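Shown next: final-v1.pdb, containing PDB, C-alpha atoms, pLDDT in the B column.
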ATOM      1  CA  MET A   1      69.379 191.717 -26.089  1.00 45.00           C
ATOM      2  CA  ILE A   2      67.058 189.549 -28.190  1.00 41.00           C
ATOM      3  CA  ALA A   3      63.481 190.529 -28.979  1.00 41.00           C
ATOM      4  CA  ASN A   4      61.438 188.037 -31.038  1.00 41.00           C
ATOM      5  CA  GLY A   5      64.462 186.294 -32.561  1.00 45.00           C
ATOM      6  CA  LYS A   6      66.252 189.469 -33.577  1.00 49.00           C
ATOM      7  CA  ASP A   7      68.395 192.155 -32.023  1.00 59.00           C
ATOM      8  CA  ASN A   8      66.566 194.907 -30.143  1.00 76.00           C
ATOM      9  CA  GLY A   9      67.291 198.087 -32.130  1.00 69.00           C
ATOM     10  CA  GLU A  10      66.136 200.273 -29.231  1.00 86.00           C
ATOM     11  CA  GLU A  11      68.739 198.904 -26.784  1.00 91.00           C
ATOM     12  CA  MET A  12      70.901 201.794 -25.484  1.00 96.00           C
ATOM     13  CA  PHE A  13      74.693 201.768 -25.803  1.00 97.00           C
ATOM     14  CA  PRO A  14      77.235 204.234 -24.469  1.00 97.00           C
ATOM     15  CA  ILE A  15      79.148 206.233 -27.074  1.00 98.00           C
ATOM     16  CA  VAL A  16      82.826 206.486 -26.174  1.00 98.00           C
ATOM     17  CA  ASN A  17      86.067 208.081 -27.341  1.00 97.00           C
ATOM     18  CA  GLU A  18      89.063 205.909 -28.227  1.00 95.00           C
ATOM     19  CA  GLN A  19      90.193 205.910 -24.571  1.00 95.00           C
ATOM     20  CA  GLY A  20      86.840 204.443 -23.492  1.00 95.00           C
ATOM     21  CA  ASP A  21      85.467 207.603 -21.864  1.00 96.00           C
ATOM     22  CA  ILE A  22      81.690 207.929 -22.261  1.00 96.00           C
ATOM     23  CA  VAL A  23      80.754 210.930 -24.393  1.00 97.00           C
ATOM     24  CA  GLY A  24      77.103 210.139 -25.163  1.00 97.00           C
ATOM     25  CA  ALA A  25      74.516 207.440 -25.803  1.00 97.00           C
ATOM     26  CA  ALA A  26      72.714 205.972 -28.818  1.00 97.00           C
ATOM     27  CA  THR A  27      70.479 203.043 -29.725  1.00 95.00           C
ATOM     28  CA  ARG A  28      71.762 199.786 -31.224  1.00 93.00           C
ATOM     29  CA  ALA A  29      70.003 200.743 -34.462  1.00 92.00           C
ATOM     30  CA  GLU A  30      71.820 204.098 -34.581  1.00 95.00           C
ATOM     31  CA  CYS A  31      75.196 202.460 -33.826  1.00 95.00           C
ATOM     32  CA  HIS A  32      74.727 199.838 -36.567  1.00 90.00           C
ATOM     33  CA  SER A  33      73.306 202.200 -39.208  1.00 91.00           C
ATOM     34  CA  GLY A  34      76.605 203.342 -40.688  1.00 91.00           C
ATOM     35  CA  SER A  35      76.807 206.296 -38.283  1.00 94.00           C
ATOM     36  CA  LYS A  36      80.251 205.130 -37.083  1.00 96.00           C
ATOM     37  CA  LEU A  37      79.344 206.073 -33.498  1.00 97.00           C
ATOM     38  CA  LEU A  38      82.111 204.426 -31.440  1.00 98.00           C
ATOM     39  CA  HIS A  39      80.586 202.030 -28.904  1.00 98.00           C
ATOM     40  CA  PRO A  40      82.286 199.539 -26.543  1.00 98.00           C
ATOM     41  CA  VAL A  41      82.105 195.767 -26.857  1.00 97.00           C
ATOM     42  CA  VAL A  42      83.686 192.828 -25.042  1.00 98.00           C
ATOM     43  CA  HIS A  43      85.193 189.729 -26.668  1.00 97.00           C
ATOM     44  CA  LEU A  44      86.328 186.597 -24.862  1.00 98.00           C
ATOM     45  CA  HIS A  45      88.650 184.077 -26.493  1.00 98.00           C
ATOM     46  CA  VAL A  46      88.170 180.730 -24.742  1.00 98.00           C
ATOM     47  CA  PHE A  47      91.005 178.243 -25.149  1.00 98.00           C
ATOM     48  CA  ASN A  48      91.118 174.745 -23.678  1.00 98.00           C
ATOM     49  CA  SER A  49      94.302 173.329 -22.154  1.00 97.00           C
ATOM     50  CA  LYS A  50      95.125 171.694 -25.533  1.00 97.00           C
ATOM     51  CA  GLY A  51      95.351 175.159 -27.124  1.00 97.00           C
ATOM     52  CA  GLU A  52      92.159 174.791 -29.157  1.00 98.00           C
ATOM     53  CA  LEU A  53      89.960 177.882 -29.494  1.00 98.00           C
ATOM     54  CA  PHE A  54      86.183 177.813 -28.945  1.00 98.00           C
ATOM     55  CA  LEU A  55      84.148 179.681 -31.573  1.00 98.00           C
ATOM     56  CA  GLN A  56      80.422 180.337 -31.665  1.00 96.00           C
ATOM     57  CA  LYS A  57      78.319 180.247 -34.800  1.00 96.00           C
ATOM     58  CA  ARG A  58      76.302 183.427 -35.247  1.00 93.00           C
ATOM     59  CA  PRO A  59      72.571 182.842 -35.812  1.00 91.00           C
ATOM     60  CA  GLU A  60      71.067 183.695 -39.204  1.00 92.00           C
ATOM     61  CA  TRP A  61      68.855 186.377 -37.597  1.00 88.00           C
ATOM     62  CA  LYS A  62      71.795 188.528 -36.400  1.00 83.00           C
ATOM     63  CA  ASP A  63      72.009 191.975 -38.017  1.00 76.00           C
ATOM     64  CA  ILE A  64      75.815 191.762 -38.362  1.00 78.00           C
ATOM     65  CA  GLN A  65      77.620 188.770 -39.992  1.00 88.00           C
ATOM     66  CA  PRO A  66      74.804 186.164 -39.762  1.00 94.00           C
ATOM     67  CA  GLY A  67      75.764 182.484 -40.042  1.00 95.00           C
ATOM     68  CA  LYS A  68      79.513 182.982 -39.634  1.00 97.00           C
ATOM     69  CA  TRP A  69      81.857 181.619 -36.957  1.00 97.00           C
ATOM     70  CA  ASP A  70      83.021 184.209 -34.455  1.00 96.00           C
ATOM     71  CA  THR A  71      84.752 184.838 -31.142  1.00 96.00           C
ATOM     72  CA  ALA A  72      83.404 182.598 -28.344  1.00 96.00           C
ATOM     73  CA  VAL A  73      81.781 185.600 -26.681  1.00 95.00           C
ATOM     74  CA  GLY A  74      81.094 188.975 -28.182  1.00 91.00           C
ATOM     75  CA  GLY A  75      78.684 191.493 -26.823  1.00 91.00           C
ATOM     76  CA  HIS A  76      77.941 195.127 -26.316  1.00 95.00           C
ATOM     77  CA  VAL A  77      78.514 197.038 -23.128  1.00 97.00           C
ATOM     78  CA  ASP A  78      75.119 198.398 -22.093  1.00 96.00           C
ATOM     79  CA  LEU A  79      74.592 202.002 -21.074  1.00 96.00           C
ATOM     80  CA  GLY A  80      75.484 202.274 -17.352  1.00 95.00           C
ATOM     81  CA  GLU A  81      77.485 199.011 -17.320  1.00 96.00           C
ATOM     82  CA  CYS A  82      81.255 198.653 -16.863  1.00 96.00           C
ATOM     83  CA  VAL A  83      83.378 196.475 -19.176  1.00 96.00           C
ATOM     84  CA  GLY A  84      83.991 193.799 -16.498  1.00 96.00           C
ATOM     85  CA  ASP A  85      80.296 193.442 -15.706  1.00 96.00           C
ATOM     86  CA  ALA A  86      79.460 193.260 -19.425  1.00 97.00           C
ATOM     87  CA  LEU A  87      82.069 190.519 -19.891  1.00 97.00           C
ATOM     88  CA  HIS A  88      80.685 188.361 -17.075  1.00 96.00           C
ATOM     89  CA  ARG A  89      77.074 188.945 -18.233  1.00 96.00           C
ATOM     90  CA  GLU A  90      77.814 188.075 -21.853  1.00 95.00           C
ATOM     91  CA  VAL A  91      79.828 184.953 -20.955  1.00 95.00           C
ATOM     92  CA  GLN A  92      77.005 183.699 -18.736  1.00 94.00           C
ATOM     93  CA  GLU A  93      74.366 184.501 -21.395  1.00 92.00           C
ATOM     94  CA  GLU A  94      76.227 183.026 -24.377  1.00 92.00           C
ATOM     95  CA  LEU A  95      78.177 180.084 -22.901  1.00 95.00           C
ATOM     96  CA  GLY A  96      76.567 179.395 -19.529  1.00 94.00           C
ATOM     97  CA  ILE A  97      79.884 179.562 -17.681  1.00 94.00           C
ATOM     98  CA  THR A  98      81.185 181.604 -14.791  1.00 90.00           C
ATOM     99  CA  PHE A  99      84.827 182.409 -14.085  1.00 92.00           C
ATOM    100  CA  GLU A 100      86.873 184.420 -11.633  1.00 90.00           C
ATOM    101  CA  GLU A 101      89.216 186.319 -13.906  1.00 91.00           C
ATOM    102  CA  ALA A 102      90.150 186.515 -17.575  1.00 96.00           C
ATOM    103  CA  GLU A 103      93.353 187.964 -19.008  1.00 97.00           C
ATOM    104  CA  ALA A 104      92.729 191.452 -20.415  1.00 97.00           C
ATOM    105  CA  LEU A 105      94.320 192.012 -23.827  1.00 97.00           C
ATOM    106  CA  THR A 106      94.977 195.353 -25.554  1.00 95.00           C
ATOM    107  CA  PRO A 107      91.804 197.244 -26.580  1.00 96.00           C
ATOM    108  CA  TYR A 108      91.545 198.478 -30.180  1.00 95.00           C
ATOM    109  CA  VAL A 109      89.074 200.138 -32.559  1.00 95.00           C
ATOM    110  CA  PHE A 110      87.381 197.934 -35.174  1.00 92.00           C
ATOM    111  CA  GLU A 111      85.606 199.602 -38.075  1.00 91.00           C
ATOM    112  CA  SER A 112      83.377 198.058 -40.731  1.00 86.00           C
ATOM    113  CA  GLU A 113      81.026 199.576 -43.301  1.00 86.00           C
ATOM    114  CA  ARG A 114      78.237 199.662 -40.704  1.00 86.00           C
ATOM    115  CA  GLU A 115      79.877 200.397 -37.362  1.00 89.00           C
ATOM    116  CA  ARG A 116      82.859 201.353 -35.196  1.00 95.00           C
ATOM    117  CA  GLU A 117      83.536 199.436 -31.986  1.00 96.00           C
ATOM    118  CA  LEU A 118      85.992 199.894 -29.147  1.00 98.00           C
ATOM    119  CA  VAL A 119      86.850 196.219 -28.657  1.00 97.00           C
ATOM    120  CA  ASN A 120      87.897 195.085 -25.171  1.00 97.00           C
ATOM    121  CA  PRO A 121      89.334 191.585 -25.756  1.00 97.00           C
ATOM    122  CA  PHE A 122      90.011 188.994 -23.053  1.00 98.00           C
ATOM    123  CA  LYS A 123      91.495 185.485 -22.988  1.00 97.00           C
ATOM    124  CA  LEU A 124      90.491 182.548 -20.774  1.00 97.00           C
ATOM    125  CA  VAL A 125      91.746 178.952 -20.528  1.00 97.00           C
ATOM    126  CA  TYR A 126      88.731 176.805 -19.637  1.00 97.00           C
ATOM    127  CA  ASP A 127      88.202 173.043 -19.664  1.00 96.00           C
ATOM    128  CA  GLY A 128      84.731 172.893 -18.136  1.00 94.00           C
ATOM    129  CA  VAL A 129      81.350 172.349 -19.769  1.00 94.00           C
ATOM    130  CA  ILE A 130      80.275 174.993 -22.288  1.00 95.00           C
ATOM    131  CA  THR A 131      76.570 175.272 -23.047  1.00 94.00           C
ATOM    132  CA  PRO A 132      75.975 177.714 -25.915  1.00 93.00           C
ATOM    133  CA  SER A 133      72.690 179.589 -25.545  1.00 90.00           C
ATOM    134  CA  VAL A 134      69.913 180.396 -27.996  1.00 86.00           C
ATOM    135  CA  GLU A 135      71.813 183.631 -28.713  1.00 81.00           C
ATOM    136  CA  THR A 136      74.140 181.424 -30.825  1.00 88.00           C
ATOM    137  CA  ASP A 137      73.786 178.578 -33.318  1.00 93.00           C
ATOM    138  CA  GLY A 138      76.114 176.478 -31.175  1.00 94.00           C
ATOM    139  CA  GLY A 139      79.867 176.325 -31.037  1.00 96.00           C
ATOM    140  CA  ARG A 140      82.918 174.102 -30.893  1.00 97.00           C
ATOM    141  CA  PHE A 141      86.671 174.084 -30.302  1.00 98.00           C
ATOM    142  CA  TRP A 142      88.865 174.615 -33.376  1.00 98.00           C
ATOM    143  CA  THR A 143      92.494 173.567 -33.789  1.00 97.00           C
ATOM    144  CA  SER A 144      94.986 176.157 -35.080  1.00 94.00           C
ATOM    145  CA  GLU A 145      95.195 174.170 -38.312  1.00 96.00           C
ATOM    146  CA  GLU A 146      91.401 174.346 -38.801  1.00 97.00           C
ATOM    147  CA  LEU A 147      91.498 178.086 -38.157  1.00 97.00           C
ATOM    148  CA  ARG A 148      94.307 178.617 -40.690  1.00 95.00           C
ATOM    149  CA  GLU A 149      92.362 176.620 -43.304  1.00 97.00           C
ATOM    150  CA  ALA A 150      89.159 178.655 -42.710  1.00 97.00           C
ATOM    151  CA  MET A 151      90.832 182.089 -42.873  1.00 97.00           C
ATOM    152  CA  GLY A 152      89.792 184.240 -45.819  1.00 96.00           C
ATOM    153  CA  LYS A 153      87.095 181.846 -47.051  1.00 97.00           C
ATOM    154  CA  GLY A 154      83.991 183.628 -45.696  1.00 96.00           C
ATOM    155  CA  ILE A 155      83.517 181.034 -42.932  1.00 97.00           C
ATOM    156  CA  LEU A 156      84.756 183.256 -40.094  1.00 97.00           C
ATOM    157  CA  THR A 157      83.724 186.847 -39.420  1.00 93.00           C
ATOM    158  CA  PRO A 158      86.192 189.425 -40.748  1.00 89.00           C
ATOM    159  CA  ASN A 159      86.349 190.927 -37.245  1.00 87.00           C
ATOM    160  CA  PHE A 160      87.357 187.572 -35.751  1.00 94.00           C
ATOM    161  CA  GLU A 161      90.008 186.999 -38.440  1.00 95.00           C
ATOM    162  CA  GLN A 162      91.500 190.441 -37.908  1.00 92.00           C
ATOM    163  CA  GLU A 163      91.426 190.120 -34.109  1.00 94.00           C
ATOM    164  CA  TYR A 164      92.868 186.587 -34.074  1.00 95.00           C
ATOM    165  CA  ASN A 165      95.752 187.647 -36.300  1.00 93.00           C
ATOM    166  CA  ARG A 166      96.338 190.804 -34.229  1.00 92.00           C
ATOM    167  CA  LEU A 167      96.286 189.051 -30.849  1.00 93.00           C
ATOM    168  CA  PHE A 168      97.623 185.554 -31.482  1.00 91.00           C
ATOM    169  CA  ASN A 169      99.580 185.605 -34.757  1.00 79.00           C
ATOM    170  CA  GLY A 170     101.285 189.003 -34.235  1.00 58.00           C
TER     171      GLY A 170
END

Would you put the structure from the file into structure tokens?
Amino acid sequence: MIANGKDNGEEMFPIVNEQGDIVGAATRAECHSGSKLLHPVVHLHVFNSKGELFLQKRPEWKDIQPGKWDTAVGGHVDLGECVGDALHREVQEELGITFEEAEALTPYVFESERERELVNPFKLVYDGVITPSVETDGGRFWTSEELREAMGKGILTPNFEQEYNRLFNG
């Protein structure tokens, strides 16, 4: 959730174990403070029928990885919300699209210096209009060659690079 052009540090997230069972709750600020409290997120990889992958550019005001290219949709599961509802909410908020069903991929734990996330990734093939919201600095489709060239150069988020290689280059 955005408050005055920045993330709302008071937003409440569920704290989960590695199986996704809720074991507590904490604020966004607590989860992103280096506490390593495991909290669930959703990611959606949007491909077009040509096999190109849509990425969003993270705004400069984001508290994690500002200005880098990232998964088309990435967002936190709010306290009291299920993963499926979070996915549909985030996709509508960030890309302005609705869809019936996305392919669920294998969840995994991502850890950085500041946080630990239980990532619930999904894949969707979509050829309709995408309208990135003010939560992003826009977005575009990338070819696999463009993605390979950008890897490891600080253009893409480390989380995206790791996830892309795990899910699609395995």

Original post:
If we count all atoms listed in the file, what is near stretch 29-36 of chain A at a cut-off of 9 Å, once residues fewer than 5 positions away on the same chain are taken out, given as a list of chain:residue names?
Top reply: A:Asn8, A:Gly9, A:Glu10, A:Glu11, A:Phe13, A:Ile15, A:Asp63, A:Ile64, A:Glu111, A:Ser112, A:Glu113, A:Arg114, A:Glu115, A:Arg116, A:Glu117

Using the chain letters and numbers from this file, what does the PyMOL selection byres ((chain A and resi 40) around 6) select? Give the answer as an mmCIF file with C-alpha atoms, in the frame of the given file.
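Final output, saved to expr26.cif:
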data_model
loop_
_atom_site.group_PDB
_atom_site.id
_atom_site.type_symbol
_atom_site.label_atom_id
_atom_site.label_comp_id
_atom_site.auth_asym_id
_atom_site.auth_seq_id
_atom_site.Cartn_x
_atom_site.Cartn_y
_atom_site.Cartn_z
ATOM 1 C CA HIS A 39 80.586 202.030 -28.904
ATOM 2 C CA VAL A 41 82.105 195.767 -26.857
ATOM 3 C CA VAL A 77 78.514 197.038 -23.128
ATOM 4 C CA GLU A 117 83.536 199.436 -31.986
ATOM 5 C CA LEU A 118 85.992 199.894 -29.147
#

**OP:** Figure out the distance between atom CA of A:Glu145 and atom CA of A:Asn120, please, to one decimal in Å.
**Re:**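 So the answer is 25.8 Å.
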
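If you measure from each of A:Thr106, A:Arg28, A:Met12, A:Asp85 to A:Arg166 using all atoms listed in the file, the closest one turns out to be A:Thr106.
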
**OP:** Give as a list in words every residue, naming chains and numbers as the document does, that has an atom within 8 Å of (92.4, 204.4, -26.3), counting only C-alpha atoms.
**Re:** Asn17, Glu18, Gln19, Gly20, Pro107 and Tyr108 of chain A

Subject >> Among the residues A:Glu100, A:Glu93, A:Asp70, A:Glu135, the one that comes closest to A:Leu53 [using all atoms listed in the file] >> reply: A:Asp70

Listed atoms of stretch 44-56 of chain A boxed axis-aligned with 5 Å per side, centre + edges as AutoDock Vina command-line options:
--center_x 87.9 --center_y 179.1 --center_z -26.9 --size_x 24.9 --size_y 24.9 --size_z 19.5

Subject >> Selection result of the PyMOL selection byres ((chain A and resi 138) around 6) on this file, as a list of chain:residue names >> reply: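 Applied to this file, the PyMOL selection byres ((chain A and resi 138) around 6) returns A:Gln56, A:Lys57, A:Pro132, A:Thr136, A:Asp137, A:Gly139.
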
**OP:** Apply the PyMOL selection byres ((chain A and resi 54) around 8) to the displayed file and report the matching residues as a PyMOL selection string.
**Re:** chain A and resi 45-48+52-53+55-56+71-72+139-142

Subject >> Residue contacts of A:Leu44 (8 Å, all atoms listed in the file) excluding same-chain residues fewer than 5 positions away, as a list in words >> reply: Thr71, Ala72, Val73, Gly74, Leu87, Val91, Pro121, Phe122, Lys123 and Leu124 of chain A

Subject >> Point-to-point distance in Å for atom CA of A:Val134 and atom CA of A:Phe110 >> reply: 25.8 Å

Original post:
Can you tell me, as number ranges by chain, which residues sit within 7 Å of (78.6, 174.2, -23.1) in the file's frame, using only C-alpha atoms?
Top reply: A: 95-96, 129-132

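Atom CA of A:Gly67 sits 8.4 Å away from atom CA of A:Ile155.
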
Original post:
Which residue gives the smallest distance to A:Thr27 among A:Ala86, A:Leu79, A:Met151, A:Ile97, with all atoms listed in the file counted?
Top reply: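 Counting all atoms listed in the file, the residue closest to A:Thr27 is A:Leu79.
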
**OP:** Excluding A:Ser49 and residues on its chain fewer than 4 positions from it, collect all residues at most 10 Å away from it, counting all atoms listed in the file, and give them as a list in words.
**Re:**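 The contact residues come out as Leu53, Val125, Tyr126 and Asp127 of chain A.
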